[in-house]
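To start, the structure under review is shown below, and the notes come after it.
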Amino acid sequence: PIVLFLGQVTERKGVDILLDAIARLDSDVNCQVWIGGRGAEAYRDRLDEQIQRDGLENVSFLGWIPEEAMFAQYQAADIYVLPSRADPWPLSVVEAMKAGTPVVVSDAVGTGWDLVDGQETGYVFPTEDADELAARLEQLLRDPEQRSAMGDRAANLVRTHVTYDRMERQICEAIHRAAGGGAPRNSTI
């Protein structure tokens with residue numbers, strides 16, 4: 001199975017946490033880890049050192065992925081992981097779910113609160129908790145039927161609830177409330 005991270009390879013995105021979790025998986029749990037994206041060279045050097053130290057031979061850096069190729073990466077993956085330390089509402093979670101890929105995200109990922117529905121579409125783990133991330137990954141890596149069911153539910157959730165019309169309406173409602181207007185009278189603005 002393929003575990004995918006796709007985004008900025010930066011400390012804020014927590015790729016080091018993902019690598020810590022991969023190092024903690026039971027020895028009988030096999031997977032490939034694909035890390036797509038670019039970031040600061042110093043952070044990448046730290047990740048390379050971490051990979052060497054932990055003997056992680058199953059990690060591949062894909063580099064920058066053009067936007068037109070991203071969906072294929074999400075579809076090829078069995079699990080999408082976003083272990084961010086802070087990430088208000090990253091689209092990568094929506095994109096992975098749209099591709100039918102279950103997601104595992106930290107509780108610092110805003111889309112986790114909105115879309116990762118009570119273990120139906122994936123899992124939310126406490127930020128910085130590599131042990132919990134490893135446990136969630138191991139659970140999914142050992143159970144392809146669960147991964148498939150979660151991926152199907154994730155794709156359905158995104159198709160039915162994450163539409164441009166709905167997002168536009170919610171943004172307008174949030175702006176109206178922030179301006180002190182309470183709930184708008186006409187929610188079809």
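Labels for the structure tokens follow display order: chains A, B, ..., residues from 1 in each chain, ligands from 1.
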Identify, on the basis of only C-alpha atoms, every residue whose closest approach to Cys31 of chain A does not exceed 12 Å; exclude the query and any residue fewer than 4 positions from it along the same chain; express the result as an MDAnalysis selection string. chainID A and resid 1:4 22:23 25:27 56:60 77:79 137:138 140:142
Fewer than 2 positions away in the same chain doesn't count, so skip those; otherwise give me all residues within 7 Å of segment 111-114 of chain A, counting only C-alpha atoms, as a list in words.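 Using only C-alpha atoms, the neighbours found are Trp89, Pro90, Val93, Val105, Asp107, Val109, Val116 and Val124 of chain A.
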Quick one: pull the distance between atom CA of Leu6 of chain A and atom CA of Met97 of chain A, Å, one decimal. 13.0 Å
Give me, as an MDAnalysis selection string, the residues of chain A that a backbone DSSP run labels alpha helix (DSSP H). chainID A and resid 15:24 41:54 67:76 91:98 110:115 130:141 144:161 164:178
For atom CA of Val158 of chain A and atom CA of Ala174 of chain A, quote the distance in Å rounded to one decimal.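 Between atom CA of Val158 of chain A and atom CA of Ala174 of chain A the gap works out to 20.5 Å.
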In terms of the shortest atom-to-atom distance over only C-alpha atoms, which of A:Asp87, A:Glu120, A:Glu145, A:Glu168 is closest to Arg12 of chain A?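 Among the listed residues, A:Asp87 lies closest to Arg12 of chain A.
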Every residue of segment 22-175 of chain A that DSSP places in strand (DSSP E or B), as a list in words: Gln32, Val33, Trp34, Ile35, Gly36, Val59, Ser60, Phe61, Leu62, Gly63, Ile79, Tyr80, Val81, Leu82, Asp87, Val103, Val104, Val105, Ser106, Val109, Gly122, Tyr123, Val124 and Phe125 of chain A
Work out how far apart atom CA of Asp20 of chain A and atom CA of Asp48 of chain A are and give it in Å to one decimal.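 Separation between atom CA of Asp20 of chain A and atom CA of Asp48 of chain A: 12.4 Å.
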Identify which of the residues A:Lys13, A:Arg159, A:Arg136, A:Arg147 lies closest to Leu82 of chain A, counting only C-alpha atoms when measuring atom-to-atom distances. A:Lys13
Select, from A:Ala134, A:Val94, A:Leu19, A:Ala155, the residue with the minimum atom-to-atom distance to Ile35 of chain A, counting only C-alpha atoms.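 Ranking A:Ala134, A:Val94, A:Leu19, A:Ala155 by distance to Ile35 of chain A, first place goes to A:Leu19.
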